[in-house]
$ cat my_file_38.pdb   # PDB, C-alpha atoms and all ligand atoms
ATOM      1  CA  MET H 110     100.621  52.021  93.105
ATOM      2  CA  ILE H 111      97.486  54.126  92.887
ATOM      3  CA  ALA H 112      96.826  55.705  89.495
ATOM      4  CA  SER H 113      96.183  59.449  89.509
ATOM      5  CA  PRO H 114      92.636  60.727  90.044
ATOM      6  CA  PRO H 115      90.444  61.005  86.942
ATOM      7  CA  ALA H 116      90.367  64.405  85.235
ATOM      8  CA  SER H 117      87.714  66.785  86.471
ATOM      9  CA  GLN H 118      86.097  66.978  83.037
ATOM     10  CA  ALA H 119      85.557  63.198  83.004
ATOM     11  CA  VAL H 120      84.069  63.414  86.495
ATOM     12  CA  SER H 121      81.693  66.219  85.449
ATOM     13  CA  LEU H 122      80.490  64.192  82.499
ATOM     14  CA  ALA H 123      80.010  61.068  84.624
ATOM     15  CA  ILE H 124      78.056  62.758  87.419
ATOM     16  CA  GLU H 125      75.880  64.707  85.008
ATOM     17  CA  ALA H 126      75.081  61.550  83.046
ATOM     18  CA  ALA H 127      74.309  59.657  86.274
ATOM     19  CA  HIS H 128      72.046  62.436  87.488
ATOM     20  CA  LYS H 129      70.174  62.551  84.189
ATOM     21  CA  GLN H 130      69.893  58.796  83.927
ATOM     22  CA  PHE H 131      68.660  58.041  87.445
ATOM     23  CA  SER H 132      66.613  61.101  88.452
ATOM     24  CA  GLY H 133      63.546  59.507  86.831
ATOM     25  CA  ASN H 134      63.917  56.330  88.898
ATOM     26  CA  ASN H 135      61.063  56.257  91.394
ATOM     27  CA  ASP H 136      61.864  52.967  93.114
ATOM     28  CA  GLY H 137      62.150  52.806  96.880
ATOM     29  CA  LYS H 138      60.535  54.806  99.668
ATOM     30  CA  ASN H 139      61.678  57.374 102.203
ATOM     31  CA  ALA H 140      62.374  55.920 105.644
ATOM     32  CA  SER H 141      59.243  56.373 107.751
ATOM     33  CA  TYR H 142      60.134  54.864 111.134
ATOM     34  CA  ILE H 143      61.700  58.245 111.914
ATOM     35  CA  PRO H 144      58.755  60.603 111.170
ATOM     36  CA  TYR H 145      60.932  63.532 110.014
ATOM     37  CA  LEU H 146      62.487  61.451 107.237
ATOM     38  CA  ALA H 147      59.114  60.612 105.715
ATOM     39  CA  SER H 148      58.496  64.324 105.127
ATOM     40  CA  VAL H 149      61.648  65.038 103.084
ATOM     41  CA  PRO H 150      60.786  65.577  99.371
ATOM     42  CA  SER H 151      61.539  62.303  97.572
ATOM     43  CA  HIS H 152      62.505  63.923  94.277
ATOM     44  CA  LEU H 153      65.626  65.563  95.713
ATOM     45  CA  PHE H 154      68.771  64.190  94.118
ATOM     46  CA  GLY H 155      72.298  65.529  94.334
ATOM     47  CA  ILE H 156      75.711  64.114  93.513
ATOM     48  CA  ALA H 157      79.046  65.619  94.558
ATOM     49  CA  VAL H 158      82.567  64.364  94.003
ATOM     50  CA  GLY H 159      85.346  65.570  96.293
ATOM     51  CA  PHE H 160      88.937  65.247  95.109
ATOM     52  CA  ILE H 161      91.989  64.885  97.328
ATOM     53  CA  ASP H 162      93.106  68.359  96.234
ATOM     54  CA  GLY H 163      89.956  69.862  97.783
ATOM     55  CA  THR H 164      88.075  70.480  94.515
ATOM     56  CA  VAL H 165      84.382  69.540  94.577
ATOM     57  CA  ILE H 166      82.269  68.958  91.463
ATOM     58  CA  GLU H 167      78.489  68.913  91.930
ATOM     59  CA  VAL H 168      75.209  68.310  90.159
ATOM     60  CA  GLY H 169      71.603  68.591  91.396
ATOM     61  CA  ASP H 170      70.474  69.171  94.979
ATOM     62  CA  THR H 171      73.906  69.295  96.589
ATOM     63  CA  SER H 172      73.154  72.146  99.009
ATOM     64  CA  TYR H 173      70.035  70.612 100.549
ATOM     65  CA  GLU H 174      70.710  69.825 104.215
ATOM     66  CA  PHE H 175      69.674  66.273 105.078
ATOM     67  CA  ALA H 176      70.001  64.109 108.189
ATOM     68  CA  ILE H 177      73.372  62.362 108.304
ATOM     69  CA  GLU H 178      71.909  59.286 110.083
ATOM     70  CA  SER H 179      74.154  56.227 109.923
ATOM     71  CA  ILE H 180      76.905  57.947 107.986
ATOM     72  CA  SER H 181      77.698  59.538 111.377
ATOM     73  CA  LYS H 182      78.895  56.097 112.504
ATOM     74  CA  VAL H 183      82.004  56.465 110.352
ATOM     75  CA  PHE H 184      83.059  59.696 112.072
ATOM     76  CA  THR H 185      82.396  58.460 115.598
ATOM     77  CA  LEU H 186      84.419  55.375 114.678
ATOM     78  CA  ALA H 187      87.235  57.675 113.503
ATOM     79  CA  LEU H 188      87.110  59.568 116.805
ATOM     80  CA  VAL H 189      87.254  56.433 118.932
ATOM     81  CA  ILE H 190      89.888  54.645 116.872
ATOM     82  CA  GLU H 191      92.090  57.707 117.333
ATOM     83  CA  GLN H 192      91.450  57.725 121.072
ATOM     84  CA  ILE H 193      91.721  54.045 122.011
ATOM     85  CA  GLY H 194      93.576  52.544 119.043
ATOM     86  CA  ALA H 195      92.602  50.137 116.287
ATOM     87  CA  GLU H 196      93.224  46.950 118.278
ATOM     88  CA  ALA H 197      91.116  48.050 121.256
ATOM     89  CA  LEU H 198      88.302  49.027 118.887
ATOM     90  CA  ARG H 199      88.415  45.634 117.220
ATOM     91  CA  GLU H 200      88.436  43.837 120.549
ATOM     92  CA  LYS H 201      85.648  45.892 122.162
ATOM     93  CA  VAL H 202      83.336  46.388 119.174
ATOM     94  CA  GLY H 203      84.544  44.215 116.305
ATOM     95  CA  ALA H 204      85.617  44.120 112.669
ATOM     96  CA  ASP H 205      83.347  41.651 110.908
ATOM     97  CA  PRO H 206      80.198  41.860 108.809
ATOM     98  CA  THR H 207      76.947  40.920 110.555
ATOM     99  CA  GLY H 208      75.015  39.851 107.442
ATOM    100  CA  LEU H 209      71.891  41.168 109.156
ATOM    101  CA  PRO H 210      69.896  44.429 109.144
ATOM    102  CA  PHE H 211      71.356  47.530 110.820
ATOM    103  CA  ASN H 212      69.068  47.341 113.836
ATOM    104  CA  SER H 213      69.164  43.559 114.261
ATOM    105  CA  VAL H 214      68.785  42.095 117.728
ATOM    106  CA  MET H 215      69.324  38.643 116.213
ATOM    107  CA  ALA H 216      72.877  39.658 115.221
ATOM    108  CA  LEU H 217      73.608  40.236 118.912
ATOM    109  CA  ALA H 218      71.921  37.013 119.980
ATOM    110  CA  LEU H 219      74.030  35.049 117.497
ATOM    111  CA  HIS H 220      77.342  36.545 118.646
ATOM    112  CA  ASN H 221      77.149  36.526 122.457
ATOM    113  CA  GLY H 222      76.060  40.156 122.522
ATOM    114  CA  LYS H 223      79.092  41.403 120.601
ATOM    115  CA  PRO H 224      78.179  43.987 117.924
ATOM    116  CA  LEU H 225      80.866  42.828 115.400
ATOM    117  CA  SER H 226      80.774  46.132 113.510
ATOM    118  CA  PRO H 227      80.839  49.796 114.594
ATOM    119  CA  LEU H 228      78.641  50.551 111.572
ATOM    120  CA  VAL H 229      75.441  48.867 112.753
ATOM    121  CA  ASN H 230      73.274  50.488 115.426
ATOM    122  CA  ALA H 231      74.522  48.195 118.210
ATOM    123  CA  GLY H 232      78.190  48.714 117.349
ATOM    124  CA  ALA H 233      77.709  52.441 116.866
ATOM    125  CA  MET H 234      76.182  52.819 120.340
ATOM    126  CA  SER H 235      78.971  50.689 121.777
ATOM    127  CA  THR H 236      81.488  52.931 119.959
ATOM    128  CA  ALA H 237      79.739  56.093 121.220
ATOM    129  CA  SER H 238      80.106  54.718 124.755
ATOM    130  CA  LEU H 239      83.874  54.510 124.180
ATOM    131  CA  VAL H 240      84.362  58.190 123.343
ATOM    132  CA  GLN H 241      86.823  59.367 125.979
ATOM    133  CA  GLY H 242      85.321  62.304 127.832
ATOM    134  CA  LYS H 243      84.373  63.541 131.243
ATOM    135  CA  ASP H 244      80.613  63.145 130.763
ATOM    136  CA  ALA H 245      77.958  62.547 128.121
ATOM    137  CA  GLU H 246      77.877  66.227 127.048
ATOM    138  CA  ASP H 247      81.628  66.234 126.579
ATOM    139  CA  ARG H 248      81.402  63.044 124.500
ATOM    140  CA  TRP H 249      78.619  64.572 122.408
ATOM    141  CA  ARG H 250      80.645  67.751 121.766
ATOM    142  CA  GLN H 251      83.525  65.608 120.530
ATOM    143  CA  ILE H 252      81.253  63.630 118.173
ATOM    144  CA  LEU H 253      79.860  66.859 116.710
ATOM    145  CA  ASN H 254      83.308  68.392 116.497
ATOM    146  CA  MET H 255      84.617  65.365 114.598
ATOM    147  CA  GLN H 256      81.824  65.648 112.028
ATOM    148  CA  SER H 257      82.640  69.353 111.667
ATOM    149  CA  ARG H 258      86.370  68.761 111.213
ATOM    150  CA  PHE H 259      85.689  66.160 108.523
ATOM    151  CA  ALA H 260      83.319  68.542 106.717
ATOM    152  CA  GLY H 261      85.574  71.574 107.157
ATOM    153  CA  ARG H 262      82.696  73.654 108.470
ATOM    154  CA  ARG H 263      80.585  73.786 111.628
ATOM    155  CA  ILE H 264      77.972  71.029 111.462
ATOM    156  CA  SER H 265      74.831  71.526 113.601
ATOM    157  CA  LEU H 266      72.298  69.356 115.315
ATOM    158  CA  SER H 267      68.768  69.632 113.918
ATOM    159  CA  GLN H 268      66.429  69.941 116.893
ATOM    160  CA  GLU H 269      63.606  68.757 114.656
ATOM    161  CA  VAL H 270      65.371  65.570 113.522
ATOM    162  CA  ASN H 271      66.656  64.868 117.017
ATOM    163  CA  GLN H 272      63.210  65.286 118.544
ATOM    164  CA  SER H 273      61.761  62.977 115.892
ATOM    165  CA  GLU H 274      64.384  60.307 116.631
ATOM    166  CA  GLN H 275      64.547  60.607 120.415
ATOM    167  CA  THR H 276      60.794  60.151 120.741
ATOM    168  CA  THR H 277      60.711  57.015 118.572
ATOM    169  CA  ASN H 278      64.024  55.222 119.276
ATOM    170  CA  PHE H 279      62.681  52.532 121.623
ATOM    171  CA  HIS H 280      64.243  49.710 119.622
ATOM    172  CA  ASN H 281      67.698  51.289 119.880
ATOM    173  CA  ARG H 282      67.224  51.773 123.641
ATOM    174  CA  GLY H 283      66.482  48.058 123.879
ATOM    175  CA  ILE H 284      69.665  47.254 121.945
ATOM    176  CA  ALA H 285      71.644  49.524 124.281
ATOM    177  CA  TRP H 286      70.447  47.526 127.291
ATOM    178  CA  ILE H 287      71.286  44.197 125.598
ATOM    179  CA  LEU H 288      74.816  45.494 125.002
ATOM    180  CA  TYR H 289      75.039  46.519 128.638
ATOM    181  CA  SER H 290      74.067  43.042 129.773
ATOM    182  CA  SER H 291      76.622  41.414 127.463
ATOM    183  CA  GLY H 292      79.486  43.714 128.533
ATOM    184  CA  ALA H 293      79.799  45.541 125.198
ATOM    185  CA  MET H 294      78.413  48.869 126.460
ATOM    186  CA  TYR H 295      81.098  50.977 128.118
ATOM    187  CA  SER H 296      79.047  53.833 129.602
ATOM    188  CA  ASP H 297      75.502  54.310 130.807
ATOM    189  CA  PRO H 298      73.463  52.666 128.005
ATOM    190  CA  ILE H 299      70.791  55.344 127.719
ATOM    191  CA  GLU H 300      73.427  58.081 127.624
ATOM    192  CA  ALA H 301      75.205  56.244 124.800
ATOM    193  CA  CYS H 302      71.916  55.809 122.933
ATOM    194  CA  ASP H 303      71.195  59.522 123.409
ATOM    195  CA  ILE H 304      74.520  60.774 122.043
ATOM    196  CA  TYR H 305      74.440  58.208 119.225
ATOM    197  CA  THR H 306      70.956  59.481 118.288
ATOM    198  CA  ARG H 307      72.121  63.099 118.375
ATOM    199  CA  GLY H 308      75.045  62.116 116.154
ATOM    200  CA  CYS H 309      72.511  60.801 113.594
ATOM    201  CA  SER H 310      70.458  64.014 113.810
ATOM    202  CA  THR H 311      72.910  66.522 112.369
ATOM    203  CA  LEU H 312      72.409  68.101 108.953
ATOM    204  CA  ILE H 313      74.888  67.853 106.103
ATOM    205  CA  THR H 314      74.806  68.469 102.361
ATOM    206  CA  ALA H 315      76.063  66.199  99.584
ATOM    207  CA  LYS H 316      78.894  68.679  99.168
ATOM    208  CA  ASP H 317      79.842  68.312 102.859
ATOM    209  CA  LEU H 318      79.737  64.556 102.472
ATOM    210  CA  ALA H 319      82.046  64.704  99.453
ATOM    211  CA  ILE H 320      84.623  66.607 101.538
ATOM    212  CA  MET H 321      84.176  64.247 104.500
ATOM    213  CA  GLY H 322      84.821  61.303 102.179
ATOM    214  CA  ALA H 323      87.697  63.067 100.426
ATOM    215  CA  THR H 324      89.337  63.373 103.859
ATOM    216  CA  LEU H 325      89.350  59.580 104.085
ATOM    217  CA  ALA H 326      90.494  59.264 100.446
ATOM    218  CA  ASN H 327      93.305  61.665 101.347
ATOM    219  CA  GLY H 328      94.692  59.495 104.155
ATOM    220  CA  GLY H 329      93.014  61.411 106.994
ATOM    221  CA  ILE H 330      93.888  65.014 106.045
ATOM    222  CA  ASN H 331      90.953  67.282 105.180
ATOM    223  CA  PRO H 332      91.888  68.488 101.673
ATOM    224  CA  VAL H 333      90.121  71.830 102.154
ATOM    225  CA  THR H 334      91.297  72.869 105.634
ATOM    226  CA  LYS H 335      94.528  70.818 105.372
ATOM    227  CA  GLU H 336      93.983  69.646 108.959
ATOM    228  CA  ARG H 337      95.051  66.103 109.827
ATOM    229  CA  ILE H 338      92.013  64.494 111.411
ATOM    230  CA  VAL H 339      92.905  60.812 111.462
ATOM    231  CA  GLN H 340      96.328  59.197 111.552
ATOM    232  CA  SER H 341      97.051  57.667 108.176
ATOM    233  CA  ALA H 342      97.495  54.232 109.795
ATOM    234  CA  ASN H 343      93.891  54.292 111.038
ATOM    235  CA  VAL H 344      92.284  55.157 107.697
ATOM    236  CA  PRO H 345      92.510  51.609 106.228
ATOM    237  CA  HIS H 346      90.786  50.255 109.356
ATOM    238  CA  ILE H 347      87.914  52.706 108.904
ATOM    239  CA  LEU H 348      87.606  51.931 105.189
ATOM    240  CA  SER H 349      87.684  48.187 105.810
ATOM    241  CA  GLU H 350      84.822  48.495 108.296
ATOM    242  CA  MET H 351      82.920  50.434 105.607
ATOM    243  CA  MET H 352      83.653  47.740 103.070
ATOM    244  CA  MET H 353      82.306  44.973 105.295
ATOM    245  CA  GLU H 354      79.194  46.628 106.700
ATOM    246  CA  GLY H 355      78.739  50.086 105.128
ATOM    247  CA  LEU H 356      75.552  49.119 103.301
ATOM    248  CA  TYR H 357      74.411  46.469 105.802
ATOM    249  CA  THR H 358      72.953  43.375 104.140
ATOM    250  CA  ALA H 359      73.704  44.882 100.722
ATOM    251  CA  SER H 360      77.400  45.459 101.461
ATOM    252  CA  GLY H 361      78.445  42.477  99.345
ATOM    253  CA  ASP H 362      76.307  43.451  96.365
ATOM    254  CA  TRP H 363      77.584  47.009  96.611
ATOM    255  CA  LEU H 364      81.187  45.865  96.615
ATOM    256  CA  TYR H 365      80.534  43.478  93.743
ATOM    257  CA  SER H 366      79.263  46.289  91.540
ATOM    258  CA  VAL H 367      80.892  49.473  92.872
ATOM    259  CA  GLY H 368      84.182  48.069  94.176
ATOM    260  CA  LEU H 369      84.683  50.803  96.774
ATOM    261  CA  PRO H 370      84.187  51.108 100.541
ATOM    262  CA  GLY H 371      80.889  52.869 101.144
ATOM    263  CA  LYS H 372      78.460  54.064 103.778
ATOM    264  CA  SER H 373      74.780  54.869 103.653
ATOM    265  CA  GLY H 374      72.275  56.517 105.967
ATOM    266  CA  VAL H 375      68.483  56.269 106.127
ATOM    267  CA  GLY H 376      68.339  60.032 105.460
ATOM    268  CA  GLY H 377      69.237  59.174 101.849
ATOM    269  CA  GLY H 378      72.927  60.028 101.958
ATOM    270  CA  ILE H 379      75.500  57.647 100.537
ATOM    271  CA  LEU H 380      79.277  57.823 100.294
ATOM    272  CA  ALA H 381      81.892  55.885  98.318
ATOM    273  CA  VAL H 382      85.615  56.393  98.872
ATOM    274  CA  ALA H 383      88.272  55.780  96.217
ATOM    275  CA  PRO H 384      91.491  55.823  98.269
ATOM    276  CA  GLY H 385      94.142  58.217  97.016
ATOM    277  CA  LYS H 386      91.723  59.751  94.515
ATOM    278  CA  LEU H 387      88.309  61.050  95.480
ATOM    279  CA  ALA H 388      84.983  60.455  97.183
ATOM    280  CA  ILE H 389      81.547  60.185  95.587
ATOM    281  CA  ALA H 390      78.661  61.504  97.698
ATOM    282  CA  ALA H 391      75.015  61.301  96.738
ATOM    283  CA  PHE H 392      71.752  62.265  98.365
ATOM    284  CA  SER H 393      68.338  60.929  97.379
ATOM    285  CA  PRO H 394      65.784  59.953 100.070
ATOM    286  CA  PRO H 395      63.997  56.860  98.663
ATOM    287  CA  LEU H 396      65.555  53.698 100.105
ATOM    288  CA  ASP H 397      65.561  50.023  99.182
ATOM    289  CA  GLU H 398      64.652  47.226 101.616
ATOM    290  CA  ALA H 399      68.129  47.256 103.177
ATOM    291  CA  GLY H 400      67.852  50.989 103.961
ATOM    292  CA  ASN H 401      70.153  52.305 101.224
ATOM    293  CA  SER H 402      69.394  55.151  98.781
ATOM    294  CA  VAL H 403      68.211  53.664  95.486
ATOM    295  CA  ARG H 404      69.357  56.480  93.201
ATOM    296  CA  GLY H 405      72.504  56.948  95.283
ATOM    297  CA  GLN H 406      73.577  53.350  94.757
ATOM    298  CA  LEU H 407      72.852  53.488  91.026
ATOM    299  CA  ALA H 408      74.815  56.724  90.690
ATOM    300  CA  ALA H 409      77.805  55.378  92.635
ATOM    301  CA  GLU H 410      77.897  52.227  90.528
ATOM    302  CA  TYR H 411      77.690  54.171  87.268
ATOM    303  CA  ILE H 412      80.329  56.711  88.284
ATOM    304  CA  SER H 413      82.707  54.062  89.631
ATOM    305  CA  GLN H 414      82.438  52.134  86.375
ATOM    306  CA  GLN H 415      82.770  55.181  84.112
ATOM    307  CA  LEU H 416      85.814  56.445  85.969
ATOM    308  CA  LYS H 417      87.329  52.965  86.531
ATOM    309  CA  LEU H 418      87.516  53.449  90.291
ATOM    310  CA  ASN H 419      86.989  49.808  91.369
ATOM    311  CA  ILE H 420      89.862  49.053  93.742
ATOM    312  CA  PHE H 421      89.953  45.436  92.578
ATOM    313  CA  ALA H 422      90.563  46.477  88.967
ATOM    314  CA  PRO H 423      93.717  48.580  89.057
ATOM    315  CA  GLY H 424      94.661  50.766  86.123
TER     316      GLY H 424
HETATM  317  N1  LIG J   1      69.257  56.934 113.420
HETATM  318  C1  LIG J   1      68.987  55.754 112.640
HETATM  319  C2  LIG J   1      68.747  54.568 113.553
HETATM  320  O1  LIG J   1      69.351  54.508 114.611
HETATM  321  C3  LIG J   1      70.135  55.480 111.720
HETATM  322  C4  LIG J   1      69.965  54.212 110.914
HETATM  323  C5  LIG J   1      70.575  54.262 109.544
HETATM  324  O2  LIG J   1      70.840  55.315 108.972
HETATM  325  N2  LIG J   1      70.718  53.090 108.941
HETATM  326  O3  LIG J   1      67.970  53.715 113.251
END
$ encode --input "my_file_38.pdb" --output "structure tokens" --more "lines below"
Ligand code: GLN
Amino acid sequence: MIASPPASQAVSLAIEAAHKQFSGNNDGKNASYIPYLASVPSHLFGIAVGFIDGTVIEVGDTSYEFAIESISKVFTLALVIEQIGAEALREKVGADPTGLPFNSVMALALHNGKPLSPLVNAGAMSTASLVQGKDAEDRWRQILNMQSRFAGRRISLSQEVNQSEQTTNFHNRGIAWILYSSGAMYSDPIEACDIYTRGCSTLITAKDLAIMGATLANGGINPVTKERIVQSANVPHILSEMMMEGLYTASGDWLYSVGLPGKSGVGGGILAVAPGKLAIAAFSPPLDEAGNSVRGQLAAEYISQQLKLNIFAPG
């Protein structure tokens, strides 16, 4: 049985202490392979916790709109798992950790061109190619709509981020063609790469991310709009993918210290989901070598420990 969520006062204290403690940490660097991301002020730092009753508690820069990047992979996964079912998703994309960086070509070479996880670039493009729709624009609208339903407000594409990504994403285009040759790309590869890239180029706030995560913590019902977005049976599949690959090569270390399924993006966003309780969202642009927000990881670890959220330590 899941214990009840921690009291809001304890959460406020924990996030304020985390913000104070880690805002002076200057380790890591903004992502620079996407030019836009290099220009985001590195000092920005926000933490938001979203409860399953729809309450959100925030500290710091929680209204700054940042690029969702790889966190988008979770919501496209949710869309496709709803459309084709959990077993088809596992068979066509996979449900295993890669143990390699998010844009690894080696991971594909080692596994006969199968992505293994929908949360690395290869698997996310493969998943985008599985969105059921009449054409690429229709698939894109559904991806954007899914992000919006999770956030409970209309999420928009940033033309600036998209332009920055689309003009530099040659490596991802190469991965898309490798997937096509191995039979793990289910639409035109460049179309899939394009809509995947657009999906990474939307803007969200830490507060949005807290609500998006709280929707997963709440079994697939957005706690603010009360809309069911994902069948409850599919939520554990999404969270297990996050657990295995959410922070790429650091997924094991993250789990060891935070004890929650998580997902990061190179825009500096990071999400941790405590099922049945709440979600922790943080935003801070400087990343470690694996591509995960440095302050975001420290904050999630601190908050999870303070509030005893580790799913392997019940009670
Ligand atoms: N758009 C980025 C890419 O495809 C997302 C990567 C990430 O956030 N890890 O490389």
$ residues_near_point --input "my_file_38.pdb" --point "(71.1, 55.0, 102.3)" --cutoff "8 Å" --atoms "only C-alpha atoms" --output "PyMOL selection string"
chain H and resi 356+372-379+394+396+400-403+405
$ resolve_selection --input "my_file_38.pdb" --expression "the PyMOL selection byres (((chain H and resi 286-302) around 12) and not hetatm)" --output "PyMOL selection string"
chain H and resi 185+198-203+213-218+220-227+230-249+252+274-275+278-285+303-309
$ resolve_selection --input "my_file_38.pdb" --expression "the PyMOL selection byres (((chain H and resi 160-164) around 8) and not hetatm)" --output "ChimeraX atom specification"
/H:114,158-159,165-166,320,323-324,326-327,331-333,385-388
$ axis_aligned_box --input "my_file_38.pdb" --around "range 336-354 of chain H" --padding-each-side "8 Å" --output "JSON"
{"center_x": 88.3, "center_y": 57.3, "center_z": 107.3, "size_x": 34.3, "size_y": 40.7, "size_z": 24.5}
$ atom_distance --input "my_file_38.pdb" --atom1 "CA of Glu269 in chain H" --atom2 "CA of His152 in chain H"
21.0 Å
$ closest_residue --input "my_file_38.pdb" --among "H:Ala260, H:Val229, H:Ile156, H:Leu266" --to "ligand LIG 1 (chain J)" --atoms "only C-alpha atoms and all ligand atoms"
H:Val229
$ resolve_selection --input "my_file_38.pdb" --expression "the PyMOL selection byres (((chain H and resi 346) around 10) and not hetatm)" --output "mmCIF file with C-alpha atoms, in the frame of the given file"
data_model
loop_
_atom_site.group_PDB
_atom_site.id
_atom_site.type_symbol
_atom_site.label_atom_id
_atom_site.label_comp_id
_atom_site.auth_asym_id
_atom_site.auth_seq_id
_atom_site.Cartn_x
_atom_site.Cartn_y
_atom_site.Cartn_z
ATOM 1 C CA LEU H 186 84.419 55.375 114.678
ATOM 2 C CA ALA H 187 87.235 57.675 113.503
ATOM 3 C CA ILE H 190 89.888 54.645 116.872
ATOM 4 C CA ALA H 195 92.602 50.137 116.287
ATOM 5 C CA GLU H 196 93.224 46.950 118.278
ATOM 6 C CA LEU H 198 88.302 49.027 118.887
ATOM 7 C CA ARG H 199 88.415 45.634 117.220
ATOM 8 C CA ALA H 204 85.617 44.120 112.669
ATOM 9 C CA SER H 341 97.051 57.667 108.176
ATOM 10 C CA ALA H 342 97.495 54.232 109.795
ATOM 11 C CA ASN H 343 93.891 54.292 111.038
ATOM 12 C CA VAL H 344 92.284 55.157 107.697
ATOM 13 C CA PRO H 345 92.510 51.609 106.228
ATOM 14 C CA ILE H 347 87.914 52.706 108.904
ATOM 15 C CA LEU H 348 87.606 51.931 105.189
ATOM 16 C CA SER H 349 87.684 48.187 105.810
ATOM 17 C CA GLU H 350 84.822 48.495 108.296
ATOM 18 C CA MET H 351 82.920 50.434 105.607
ATOM 19 C CA MET H 352 83.653 47.740 103.070
#
$ closest_residue --input "my_file_38.pdb" --among "H:Ile193, H:Ala116, H:Met353, H:Leu153" --to "Val168 in chain H" --atoms "all atoms listed in the file"
H:Leu153
$ atom_distance --input "my_file_38.pdb" --atom1 "CA of Arg250 in chain H" --atom2 "CA of Gly322 in chain H"
21.0 Å
$ atom_distance --input "my_file_38.pdb" --atom1 "CA of Ala399 in chain H" --atom2 "CA of Tyr357 in chain H"
6.9 Å
$ closest_residue --input "my_file_38.pdb" --among "H:Ile264, H:Glu336, H:Arg404, H:Leu369" --to "Ile177 in chain H" --atoms "only C-alpha atoms"
H:Ile264
$ closest_residue --input "my_file_38.pdb" --among "H:Ile330, H:Ile180, H:Ala390, H:Ala126" --to "ligand LIG 1 (chain J)" --atoms "only C-alpha atoms and all ligand atoms"
H:Ile180
$ residues_around --input "my_file_38.pdb" --residues "Gly155 in chain H" --least-positions-apart "6" --cutoff "10 Å" --atoms "all atoms listed in the file" --output "list in words"
Ile124, His128, Ser132, Glu167, Val168, Gly169, Asp170, Thr171, Ser172, Tyr173, Thr314, Ala315, Lys316, Gly378, Ala390, Ala391, Phe392, Ser393, Arg404, Gly405 and Ala408 of chain H
$ residues_around --input "my_file_38.pdb" --residues "Gly368 in chain H" --least-positions-apart "3" --cutoff "8 Å" --atoms "all atoms listed in the file" --output "PDB file with C-alpha atoms, in the coordinates of the input"
ATOM      1  CA  TRP H 363      77.584  47.009  96.611  1.00  0.00           C
ATOM      2  CA  LEU H 364      81.187  45.865  96.615  1.00  0.00           C
ATOM      3  CA  TYR H 365      80.534  43.478  93.743  1.00  0.00           C
ATOM      4  CA  SER H 413      82.707  54.062  89.631  1.00  0.00           C
ATOM      5  CA  LEU H 418      87.516  53.449  90.291  1.00  0.00           C
ATOM      6  CA  ASN H 419      86.989  49.808  91.369  1.00  0.00           C
ATOM      7  CA  ILE H 420      89.862  49.053  93.742  1.00  0.00           C
ATOM      8  CA  PHE H 421      89.953  45.436  92.578  1.00  0.00           C
TER       9      PHE H 421
END
$ closest_residue --input "my_file_38.pdb" --among "H:Thr207, H:Ser151, H:Thr277, H:Gln256" --to "Gly355 in chain H" --atoms "only C-alpha atoms"
H:Thr207
$ closest_residue --input "my_file_38.pdb" --among "H:Leu253, H:Leu188, H:Ala383, H:Ala123" --to "Pro423 in chain H" --atoms "all atoms listed in the file"
H:Ala383
$ build_atoms --input "my_file_38.pdb" --residues "range 249-259 of chain H" --atoms "N, CA and C atoms" --output "mmCIF file, in the coordinates of the input"
data_model
loop_
_atom_site.group_PDB
_atom_site.id
_atom_site.type_symbol
_atom_site.label_atom_id
_atom_site.label_comp_id
_atom_site.auth_asym_id
_atom_site.auth_seq_id
_atom_site.Cartn_x
_atom_site.Cartn_y
_atom_site.Cartn_z
ATOM 1 N N TRP H 249 79.438 64.071 123.519
ATOM 2 C CA TRP H 249 78.619 64.572 122.408
ATOM 3 C C TRP H 249 79.344 65.698 121.660
ATOM 4 N N ARG H 250 79.927 66.632 122.413
ATOM 5 C CA ARG H 250 80.645 67.751 121.766
ATOM 6 C C ARG H 250 81.758 67.222 120.866
ATOM 7 N N GLN H 251 82.432 66.170 121.342
ATOM 8 C CA GLN H 251 83.525 65.608 120.530
ATOM 9 C C GLN H 251 83.003 64.944 119.254
ATOM 10 N N ILE H 252 81.854 64.270 119.364
ATOM 11 C CA ILE H 252 81.253 63.630 118.173
ATOM 12 C C ILE H 252 80.907 64.702 117.139
ATOM 13 N N LEU H 253 80.263 65.780 117.611
ATOM 14 C CA LEU H 253 79.860 66.859 116.710
ATOM 15 C C LEU H 253 81.081 67.557 116.114
ATOM 16 N N ASN H 254 82.084 67.735 116.948
ATOM 17 C CA ASN H 254 83.308 68.392 116.497
ATOM 18 C C ASN H 254 84.006 67.554 115.424
ATOM 19 N N MET H 255 83.980 66.243 115.590
ATOM 20 C CA MET H 255 84.617 65.365 114.598
ATOM 21 C C MET H 255 83.899 65.479 113.256
ATOM 22 N N GLN H 256 82.575 65.487 113.289
ATOM 23 C CA GLN H 256 81.824 65.648 112.028
ATOM 24 C C GLN H 256 82.206 66.983 111.381
ATOM 25 N N SER H 257 82.321 68.021 112.188
ATOM 26 C CA SER H 257 82.640 69.353 111.667
ATOM 27 C C SER H 257 84.042 69.390 111.065
ATOM 28 N N ARG H 258 84.996 68.753 111.736
ATOM 29 C CA ARG H 258 86.370 68.761 111.213
ATOM 30 C C ARG H 258 86.452 68.002 109.894
ATOM 31 N N PHE H 259 85.714 66.903 109.788
ATOM 32 C CA PHE H 259 85.689 66.160 108.523
ATOM 33 C C PHE H 259 85.078 67.011 107.407
#
